[in-house]
>>> print(open('run.txt').read())   # compact mmCIF, C-alpha atoms (C1' of nucleotides)
# COMPACT_ATOMS: atom_id res chain seq x y z
CA MET A 1069 -12.21 -18.15 7.35
CA HIS A 1070 -15.82 -18.43 6.35
CA ASP A 1071 -17.35 -15.41 4.66
CA PRO A 1072 -21.06 -14.96 5.42
CA LEU A 1073 -21.40 -11.91 3.19
CA VAL A 1074 -20.27 -13.10 -0.23
CA LYS A 1075 -23.75 -13.73 -1.48
CA HIS A 1076 -25.32 -10.55 -0.17
CA PRO A 1077 -26.16 -8.06 -2.90
CA GLY A 1078 -26.65 -5.29 -0.36
CA TYR A 1079 -23.22 -5.70 1.14
CA THR A 1080 -21.63 -6.13 -2.27
CA LEU A 1081 -23.40 -3.03 -3.51
CA ARG A 1082 -22.02 -1.01 -0.63
CA ARG A 1083 -18.52 -2.35 -1.14
CA ALA A 1084 -18.53 -1.74 -4.88
CA SER A 1085 -19.88 1.74 -4.39
CA GLY A 1086 -17.22 2.49 -1.82
CA ALA A 1087 -14.42 1.25 -4.04
CA MET A 1088 -15.65 3.21 -7.04
CA THR A 1089 -16.21 6.32 -4.97
CA ALA A 1090 -12.70 6.16 -3.59
CA GLU A 1091 -11.22 5.84 -7.05
CA LEU A 1092 -13.21 8.68 -8.55
CA THR A 1093 -12.43 10.85 -5.56
CA GLN A 1094 -8.76 10.32 -6.21
CA ARG A 1095 -9.03 11.02 -9.92
CA LEU A 1096 -10.98 14.22 -9.34
CA ALA A 1097 -8.56 15.39 -6.68
CA GLU A 1098 -6.15 16.24 -9.48
CA HIS A 1099 -8.65 18.86 -10.56
CA GLY A 1100 -9.07 20.10 -7.02
CA VAL A 1101 -12.72 19.11 -6.77
CA ARG A 1102 -14.69 16.49 -4.86
CA ILE A 1103 -17.26 14.19 -6.40
CA VAL A 1104 -20.16 16.32 -5.19
CA ASP A 1105 -18.49 19.42 -6.55
CA ALA A 1106 -18.05 17.84 -9.96
CA THR A 1107 -21.62 16.59 -9.98
CA VAL A 1108 -22.94 20.03 -9.14
CA LEU A 1109 -20.69 21.70 -11.71
CA LEU A 1110 -21.91 19.35 -14.43
CA TRP A 1111 -25.50 19.96 -13.50
CA ILE A 1112 -25.11 23.72 -13.49
CA SER A 1113 -23.30 23.51 -16.80
CA GLU A 1114 -26.27 21.72 -18.36
CA ASN A 1115 -28.86 23.86 -16.58
CA PRO A 1116 -27.65 27.45 -16.33
CA GLN A 1117 -29.55 29.66 -13.91
CA VAL A 1118 -30.75 26.76 -11.80
CA THR A 1119 -31.69 27.70 -8.33
CA ALA A 1120 -29.85 26.23 -5.35
CA SER A 1121 -33.05 24.61 -4.13
CA ALA A 1122 -33.86 23.02 -7.48
CA LEU A 1123 -30.30 21.76 -7.71
CA GLY A 1124 -30.58 20.23 -4.28
CA ARG A 1125 -33.83 18.54 -5.17
CA ALA A 1126 -32.37 17.11 -8.37
CA LEU A 1127 -29.30 15.67 -6.68
CA ASP A 1128 -30.98 14.85 -3.38
CA ILE A 1129 -28.84 17.21 -1.41
CA GLN A 1130 -30.44 19.04 1.50
CA ARG A 1131 -30.87 22.75 1.00
CA ALA A 1132 -28.82 23.31 4.12
CA ASN A 1133 -25.90 21.25 2.86
CA MET A 1134 -25.95 23.14 -0.39
CA VAL A 1135 -24.68 26.26 1.35
CA PRO A 1136 -21.08 25.33 2.16
CA LEU A 1137 -20.86 23.39 -1.09
CA LEU A 1138 -21.78 26.37 -3.24
CA LYS A 1139 -19.66 28.68 -1.15
CA ARG A 1140 -16.68 26.46 -1.81
CA LEU A 1141 -17.29 26.48 -5.56
CA GLU A 1142 -17.83 30.22 -5.52
CA ASP A 1143 -14.66 30.82 -3.51
CA ALA A 1144 -12.82 28.66 -6.04
CA GLY A 1145 -14.12 31.00 -8.70
CA LEU A 1146 -15.95 28.26 -10.56
CA ILE A 1147 -19.53 29.45 -10.27
CA GLU A 1148 -21.42 32.72 -10.02
CA ARG A 1149 -24.76 33.65 -8.48
CA ALA A 1150 -27.17 36.13 -9.99
CA PRO A 1151 -30.34 37.18 -8.15
CA ILE A 1152 -33.50 36.05 -9.94
CA ASP A 1153 -35.89 37.77 -7.59
CA GLY A 1154 -35.78 38.83 -3.99
CA LYS A 1155 -35.16 35.37 -2.63
CA SER A 1156 -33.93 33.08 -5.42
CA GLN A 1157 -30.59 33.19 -7.14
CA GLY A 1158 -29.54 31.62 -10.43
CA LEU A 1159 -26.35 29.60 -10.56
CA SER A 1160 -24.06 29.52 -13.54
CA LEU A 1161 -20.48 28.68 -14.42
CA SER A 1162 -17.99 31.52 -14.28
CA GLN A 1163 -15.48 32.04 -17.06
CA GLU A 1164 -12.98 30.04 -15.02
CA GLY A 1165 -15.66 27.40 -14.49
CA LYS A 1166 -16.39 27.10 -18.19
CA LYS A 1167 -12.68 26.71 -18.78
CA ARG A 1168 -12.20 23.94 -16.24
CA VAL A 1169 -15.43 21.95 -16.41
CA PRO A 1170 -14.63 20.17 -19.69
CA ALA A 1171 -11.55 18.52 -18.19
CA ILE A 1172 -13.55 17.48 -15.15
CA GLU A 1173 -16.27 16.09 -17.36
CA ALA A 1174 -13.69 14.19 -19.39
CA THR A 1175 -12.26 12.69 -16.21
CA ILE A 1176 -15.68 11.50 -15.15
CA GLU A 1177 -16.44 10.15 -18.58
CA ALA A 1178 -13.17 8.23 -18.63
CA PHE A 1179 -13.93 6.87 -15.19
CA GLU A 1180 -17.36 5.68 -16.23
CA GLN A 1181 -15.84 3.95 -19.24
CA ASP A 1182 -13.22 2.21 -17.12
CA LEU A 1183 -15.88 1.20 -14.66
CA LEU A 1184 -18.03 -0.43 -17.32
CA ALA A 1185 -14.98 -2.06 -18.87
CA ARG A 1186 -14.38 -3.94 -15.64
CA ILE A 1187 -17.74 -5.64 -15.88
CA PRO A 1188 -17.60 -8.86 -17.89
CA LEU A 1189 -19.19 -8.35 -21.27
CA GLN A 1190 -22.14 -10.64 -20.75
CA HIS A 1191 -23.25 -8.74 -17.65
CA ARG A 1192 -22.43 -5.23 -18.76
CA GLU A 1193 -25.66 -4.24 -20.46
CA HIS A 1194 -27.69 -5.40 -17.46
CA PHE A 1195 -25.85 -3.21 -15.00
CA MET A 1196 -27.54 0.16 -15.44
CA PRO A 1197 -31.11 -1.17 -15.67
CA ALA A 1198 -30.58 -3.21 -12.53
CA LEU A 1199 -29.19 -0.25 -10.59
CA ASP A 1200 -31.89 2.07 -11.85
CA ALA A 1201 -34.53 -0.27 -10.53
CA LEU A 1202 -33.14 0.20 -7.04
CA TRP A 1203 -33.77 3.88 -6.57
CA ARG A 1204 -35.64 5.54 -9.39
CA MET B 1248 -34.55 20.29 -16.69
CA HIS B 1249 -31.86 18.31 -18.44
CA ASP B 1250 -30.21 15.54 -16.49
CA PRO B 1251 -26.55 14.97 -17.40
CA LEU B 1252 -26.13 12.09 -15.00
CA VAL B 1253 -28.75 9.57 -16.07
CA LYS B 1254 -26.40 7.51 -18.11
CA HIS B 1255 -23.53 7.47 -15.65
CA PRO B 1256 -23.06 4.09 -13.98
CA GLY B 1257 -20.81 5.60 -11.34
CA TYR B 1258 -23.37 8.13 -10.23
CA THR B 1259 -26.16 5.61 -10.41
CA LEU B 1260 -24.11 3.17 -8.38
CA ARG B 1261 -23.60 5.76 -5.67
CA ARG B 1262 -27.26 6.72 -5.62
CA ALA B 1263 -28.48 3.14 -5.51
CA SER B 1264 -26.03 2.31 -2.77
CA GLY B 1265 -27.15 5.31 -0.77
CA ALA B 1266 -30.80 4.47 -1.12
CA MET B 1267 -30.27 0.85 -0.11
CA THR B 1268 -28.02 1.81 2.77
CA ALA B 1269 -30.61 4.22 4.11
CA GLU B 1270 -33.31 1.59 3.97
CA LEU B 1271 -31.26 -1.12 5.65
CA THR B 1272 -30.15 1.35 8.29
CA GLN B 1273 -33.76 2.03 9.12
CA ARG B 1274 -34.72 -1.63 9.22
CA LEU B 1275 -31.81 -2.49 11.50
CA ALA B 1276 -32.53 0.43 13.79
CA GLU B 1277 -35.44 -1.60 15.16
CA HIS B 1278 -32.86 -4.01 16.51
CA GLY B 1279 -30.76 -1.19 17.90
CA VAL B 1280 -27.79 -1.87 15.64
CA ARG B 1281 -26.16 -0.10 12.73
CA ILE B 1282 -25.20 -1.75 9.46
CA VAL B 1283 -21.55 -2.10 10.46
CA ASP B 1284 -22.59 -3.58 13.79
CA ALA B 1285 -24.76 -6.17 12.10
CA THR B 1286 -22.04 -7.02 9.61
CA VAL B 1287 -19.51 -7.50 12.39
CA LEU B 1288 -21.93 -9.56 14.46
CA LEU B 1289 -22.64 -11.87 11.54
CA TRP B 1290 -18.96 -12.32 10.86
CA ILE B 1291 -18.15 -13.09 14.46
CA SER B 1292 -21.04 -15.48 14.56
CA GLU B 1293 -19.60 -17.42 11.62
CA ASN B 1294 -16.01 -17.16 12.84
CA PRO B 1295 -15.87 -17.39 16.62
CA GLN B 1296 -12.62 -16.31 18.23
CA VAL B 1297 -11.63 -14.07 15.34
CA THR B 1298 -9.20 -11.42 16.27
CA ALA B 1299 -10.12 -7.76 15.94
CA SER B 1300 -7.37 -7.26 13.39
CA ALA B 1301 -8.43 -10.18 11.23
CA LEU B 1302 -12.00 -8.96 11.37
CA GLY B 1303 -10.91 -5.54 10.26
CA ARG B 1304 -8.93 -6.99 7.38
CA ALA B 1305 -11.88 -9.08 6.24
CA LEU B 1306 -14.33 -6.20 6.27
CA ASP B 1307 -11.85 -3.53 5.23
CA ILE B 1308 -12.20 -1.60 8.45
CA GLN B 1309 -9.13 0.09 9.89
CA ARG B 1310 -7.85 -1.42 13.08
CA ALA B 1311 -8.25 1.96 14.72
CA ASN B 1312 -11.90 2.27 13.74
CA MET B 1313 -12.56 -1.19 15.09
CA VAL B 1314 -12.05 0.04 18.66
CA PRO B 1315 -15.17 2.15 19.25
CA LEU B 1316 -17.20 -0.29 17.18
CA LEU B 1317 -16.30 -3.29 19.32
CA LYS B 1318 -16.64 -1.25 22.48
CA ARG B 1319 -20.17 -0.36 21.48
CA LEU B 1320 -21.05 -4.01 20.84
CA GLU B 1321 -19.43 -5.04 24.08
CA ASP B 1322 -21.24 -2.35 26.04
CA ALA B 1323 -24.47 -3.56 24.46
CA GLY B 1324 -23.64 -6.99 25.84
CA LEU B 1325 -23.61 -8.60 22.41
CA ILE B 1326 -20.00 -9.75 22.20
CA GLU B 1327 -17.27 -10.92 24.52
CA ARG B 1328 -13.49 -10.79 24.33
CA ALA B 1329 -11.22 -13.57 25.53
CA PRO B 1330 -7.45 -13.13 25.53
CA ILE B 1331 -5.71 -15.51 23.11
CA ASP B 1332 -2.20 -14.53 24.07
CA GLY B 1333 -0.58 -11.45 25.46
CA LYS B 1334 -1.65 -9.20 22.65
CA SER B 1335 -4.51 -10.79 20.72
CA GLN B 1336 -8.05 -11.32 21.86
CA GLY B 1337 -10.70 -13.61 20.42
CA LEU B 1338 -14.14 -12.22 19.75
CA SER B 1339 -17.30 -14.21 20.18
CA LEU B 1340 -21.00 -13.67 20.64
CA SER B 1341 -22.25 -13.44 24.20
CA GLN B 1342 -25.34 -15.30 25.32
CA GLU B 1343 -27.34 -12.18 24.65
CA GLY B 1344 -25.63 -11.89 21.28
CA LYS B 1345 -26.50 -15.43 20.31
CA LYS B 1346 -30.08 -14.71 21.27
CA ARG B 1347 -30.37 -11.56 19.18
CA VAL B 1348 -28.24 -12.25 16.13
CA PRO B 1349 -30.74 -14.58 14.40
CA ALA B 1350 -33.36 -11.82 14.22
CA ILE B 1351 -30.76 -9.42 12.87
CA GLU B 1352 -29.67 -11.95 10.31
CA ALA B 1353 -33.28 -12.54 9.30
CA THR B 1354 -33.77 -8.81 8.81
CA ILE B 1355 -30.74 -8.62 6.56
CA GLU B 1356 -31.83 -11.69 4.64
CA ALA B 1357 -35.28 -10.23 4.10
CA PHE B 1358 -33.73 -6.98 2.96
CA GLU B 1359 -31.50 -8.74 0.44
CA GLN B 1360 -34.49 -10.59 -0.91
CA ASP B 1361 -36.50 -7.40 -1.29
CA LEU B 1362 -33.56 -5.74 -2.97
CA LEU B 1363 -33.20 -8.48 -5.54
CA ALA B 1364 -36.94 -8.55 -6.09
CA ARG B 1365 -36.82 -4.95 -7.25
CA ILE B 1366 -34.51 -5.82 -10.11
CA PRO B 1367 -36.37 -6.85 -13.25
CA LEU B 1368 -36.08 -10.57 -13.74
CA GLN B 1369 -34.02 -10.44 -16.91
CA HIS B 1370 -31.30 -8.40 -15.22
CA ARG B 1371 -31.35 -10.03 -11.83
CA GLU B 1372 -28.86 -12.83 -12.30
CA HIS B 1373 -26.33 -10.42 -13.79
CA PHE B 1374 -26.34 -8.10 -10.81
CA MET B 1375 -23.98 -9.83 -8.39
CA PRO B 1376 -21.37 -10.84 -10.97
CA ALA B 1377 -21.27 -7.29 -12.28
CA LEU B 1378 -20.86 -5.80 -8.81
CA ASP B 1379 -18.25 -8.36 -7.84
CA ALA B 1380 -16.16 -7.40 -10.83
CA LEU B 1381 -15.93 -3.87 -9.48
CA TRP B 1382 -14.09 -4.53 -6.27
CA ARG B 1383 -12.97 -8.12 -5.79
C1' DC C 597 18.68 -17.27 23.70
C1' DC C 598 18.76 -12.54 21.85
C1' DG C 599 17.46 -8.93 19.13
C1' DC C 600 14.95 -6.99 15.44
C1' DT C 601 10.82 -6.65 12.91
C1' DA C 602 5.95 -7.24 12.40
C1' DT C 603 1.64 -7.30 14.58
C1' DT C 604 -1.98 -5.97 17.92
C1' DG C 605 -4.80 -3.03 20.27
C1' DT C 606 -5.34 1.57 21.34
C1' DT C 607 -5.58 6.97 21.42
C1' DG C 608 -6.37 11.18 19.23
C1' DT C 609 -7.56 13.81 15.47
C1' DT C 610 -9.39 14.92 10.89
C1' DG C 611 -12.28 14.97 6.80
C1' DC C 612 -16.39 14.05 4.18
C1' DG C 613 -21.13 13.42 3.52
C1' DT C 614 -25.50 13.75 5.36
C1' DA C 615 -29.45 14.88 8.65
C1' DT C 616 -32.40 18.00 11.56
C1' DA C 617 -34.23 22.08 13.57
C1' DA C 618 -34.82 26.73 13.41
C1' DC C 619 -35.22 31.54 11.36
C1' DA C 620 -35.86 35.71 8.53
C1' DA C 621 -36.99 37.21 4.12
C1' DT C 622 -39.67 36.63 0.22
C1' DC C 623 -43.04 34.75 -3.01
C1' DC C 624 -47.60 33.45 -4.34
C1' DA C 625 -52.44 31.85 -4.30
C1' DG C 626 -56.96 32.56 -2.54
C1' DC D 420 -54.02 41.54 1.74
C1' DT D 421 -53.05 37.85 4.31
C1' DG D 422 -51.42 33.11 5.32
C1' DG D 423 -49.06 29.30 3.80
C1' DA D 424 -45.21 27.74 1.15
C1' DT D 425 -40.47 28.48 -0.53
C1' DT D 426 -35.63 30.16 -0.37
C1' DG D 427 -31.32 30.74 1.50
C1' DT D 428 -29.00 30.46 5.66
C1' DT D 429 -27.06 29.21 10.51
C1' DA D 430 -25.87 25.90 13.81
C1' DT D 431 -25.38 21.42 15.27
C1' DA D 432 -25.05 16.46 15.21
C1' DC D 433 -24.21 11.71 13.51
C1' DG D 434 -21.97 7.85 10.86
C1' DC D 435 -18.19 6.22 8.58
C1' DA D 436 -13.51 6.29 7.11
C1' DA D 437 -8.52 7.87 7.16
C1' DC D 438 -3.96 8.88 9.23
C1' DA D 439 -0.24 9.22 12.59
C1' DA D 440 1.64 7.70 16.58
C1' DC D 441 2.53 4.58 20.61
C1' DA D 442 3.32 0.73 24.00
C1' DA D 443 3.16 -3.98 24.44
C1' DT D 444 3.78 -8.35 22.62
C1' DA D 445 4.82 -12.17 19.27
C1' DG D 446 7.71 -14.53 16.42
C1' DC D 447 11.51 -15.20 13.34
C1' DG D 448 16.64 -15.27 11.97
C1' DG D 449 20.91 -15.63 13.60
>>> encode(input="run.txt", output="structure tokens")
Amino acid sequence: MHDPLVKHPGYTLRRASGAMTAELTQRLAEHGVRIVDATVLLWISENPQVTASALGRALDIQRANMVPLLKRLEDAGLIERAPIDGKSQGLSLSQEGKKRVPAIEATIEAFEQDLLARIPLQHREHFMPALDALWR
Amino acid sequence: MHDPLVKHPGYTLRRASGAMTAELTQRLAEHGVRIVDATVLLWISENPQVTASALGRALDIQRANMVPLLKRLEDAGLIERAPIDGKSQGLSLSQEGKKRVPAIEATIEAFEQDLLARIPLQHREHFMPALDALWR
DNA sequence: CCGCTATTGTTGTTGCGTATAACAATCCAG
DNA sequence: CTGGATTGTTATACGCAACAACAATAGCGG
């Protein structure tokens, strides 16, 4: 069977991304969070009192899609909202959030390490710069 | 605003993949096909009389999800099915399909070129091998 | 040749991520 | 003070992938 896609960086990029996403999803499931959740939690952890809009802009998530996401994290008791003014609200980790985020962060960190480790040494250092060039 | 994700290859991979996917989606929309459609069309073009199951295995698409996909391509008059035996059917491009696939292929090829061109020269040759290591 | 297992195509349903349009309330700059 | 921009929110839709189940058929071992 002849494979017309082997040499296509676009297709390969999508496949690699899918595979990695699936694996990280599974690893994070043990903490009861999705990838997006973890990403948001990390961001809030590093930037307390961010606004939902600013968070969405930073992670390229539509304001509208932020709503159920944050509600989920709030219902899980991981984040808290505090009104900044009449229309904005600052997001921060709850006590429970602060307790659980480190483990989530460690999981992600371990994943990133494993990911890099799979790339042959001579290509490894070129990986991030190449990817960065594609969207930044 | 501090960004805790800059150095994460996993996150960057997902972002880059998303950005590229969005762009290719838009380019292919002018031909009235989605990315998956185009991928399937190319594969059928290179492997006439493939079976739906084999196609699914090659592209990692569930047999079940193949159904609406192929129906869409058939309704669009791009592919044809011919029974091989009582339970399998061979897929091939229709006349219309053969007429339109080259333009689709050219679009993809141009996209892949543009994608590679965005990667700084010194990293470019390392891109595919690195990606391949992540899922093959 | 028969029977059992594997395969094929299909249906239905679900989840996740993302996109768009619209709206009320609020902020802010001129 | 007013008008335009911003914020959070609702509702809705699309694209892709996943799972379970099923009938029909193929193909192999005995």
>>> residues_around(input="run.txt", residues="stretch 600-614 of chain C", least_positions_apart="4", cutoff="8 Å", atoms="all atoms listed in the file", output="list in words")
Asn1133 of chain A; Ser1300, Arg1310, Ala1311, Val1314, Lys1334 and Ser1335 of chain B; DT444 and DA445 of chain D
>>> write_last_selection(input="run.txt", atoms="C-alpha atoms (C1' of nucleotides)", output="CSV table (one decimal), in the coordinates of the input")
chain,number,residue,atom,x,y,z
A,1133,ASN,CA,-25.9,21.2,2.9
B,1300,SER,CA,-7.4,-7.3,13.4
B,1310,ARG,CA,-7.8,-1.4,13.1
B,1311,ALA,CA,-8.2,2.0,14.7
B,1314,VAL,CA,-12.0,0.0,18.7
B,1334,LYS,CA,-1.6,-9.2,22.6
B,1335,SER,CA,-4.5,-10.8,20.7
D,444,DT,C1',3.8,-8.4,22.6
D,445,DA,C1',4.8,-12.2,19.3
>>> interface_residues(input="run.txt", of="chain D", to="chain B", cutoff="10 Å", atoms="only C-alpha atoms (C1' of nucleotides)", output="MDAnalysis selection string")
chainID D and resid 434:438 443:445
>>> atom_distance(input="run.txt", atom1="atom CA of A:Asp1182", atom2="atom CA of A:Leu1127")
23.4 Å
>>> residues_around(input="run.txt", residues="B:Ala1380", least_positions_apart="6", cutoff="9 Å", atoms="all atoms listed in the file", output="PDB file with C-alpha atoms, in the frame of the given file")
ATOM      1  CA  ALA A1084     -18.530  -1.740  -4.880  1.00  0.00           C
ATOM      2  CA  ARG A1186     -14.380  -3.940 -15.640  1.00  0.00           C
ATOM      3  CA  ILE A1187     -17.740  -5.640 -15.880  1.00  0.00           C
ATOM      4  CA  PRO A1188     -17.600  -8.860 -17.890  1.00  0.00           C
TER       5      PRO A1188
END
>>> residues_around(input="run.txt", residues="B:Val1348", least_positions_apart="4", cutoff="12 Å", atoms="only C-alpha atoms (C1' of nucleotides)", output="list in words")
Leu1275, His1278, Gly1279, Val1280, Asp1284, Ala1285, Thr1286, Val1287, Leu1288, Leu1289, Trp1290, Ile1291, Ser1292, Glu1293, Leu1320, Gly1324, Leu1325, Ile1326, Ser1339, Leu1340, Ser1341, Gln1342, Glu1343, Gly1344, Glu1352, Ala1353, Thr1354 and Ile1355 of chain B
>>> residues_near_point(input="run.txt", point="(-34.6, 30.4, 11.6)", cutoff="10 Å", atoms="all atoms listed in the file", output="list in words")
DA617, DA618, DC619 and DA620 of chain C; DT428 and DT429 of chain D
>>> write_last_selection(input="run.txt", atoms="C-alpha atoms (C1' of nucleotides)", output="PDB file, in the frame of the given file")
ATOM      1  C1'  DA C 617     -34.230  22.080  13.570  1.00  0.00           C
ATOM      2  C1'  DA C 618     -34.820  26.730  13.410  1.00  0.00           C
ATOM      3  C1'  DC C 619     -35.220  31.540  11.360  1.00  0.00           C
ATOM      4  C1'  DA C 620     -35.860  35.710   8.530  1.00  0.00           C
TER       5       DA C 620
ATOM      6  C1'  DT D 428     -29.000  30.460   5.660  1.00  0.00           C
ATOM      7  C1'  DT D 429     -27.060  29.210  10.510  1.00  0.00           C
TER       8       DT D 429
END
>>> interface_residues(input="run.txt", of="chain A", to="chain B", cutoff="7 Å", atoms="all atoms listed in the file", output="PyMOL selection string")
chain A and resi 1069-1070+1072+1076-1078+1080-1082+1084-1085+1087+1111+1114-1115+1180+1186-1188+1191-1192+1194-1196+1198-1203
>>> atom_distance(input="run.txt", atom1="atom CA of A:Asp1143", atom2="atom CA of A:Ala1097")
16.9 Å
>>> interface_residues(input="run.txt", of="chain C", to="chain A", cutoff="9 Å", atoms="only C-alpha atoms (C1' of nucleotides)", output="count of residues only")
5
>>> axis_aligned_box(input="run.txt", around="stretch 1360-1369 of chain B", padding_each_side="3 Å", output="lines of an AutoDock Vina configuration file")
center_x = -35.1
center_y = -7.8
center_z = -8.9
size_x = 9.7
size_y = 11.6
size_z = 22.0
>>> atom_distance(input="run.txt", atom1="atom C1' of D:DA440", atom2="atom CA of B:Pro1315")
17.9 Å
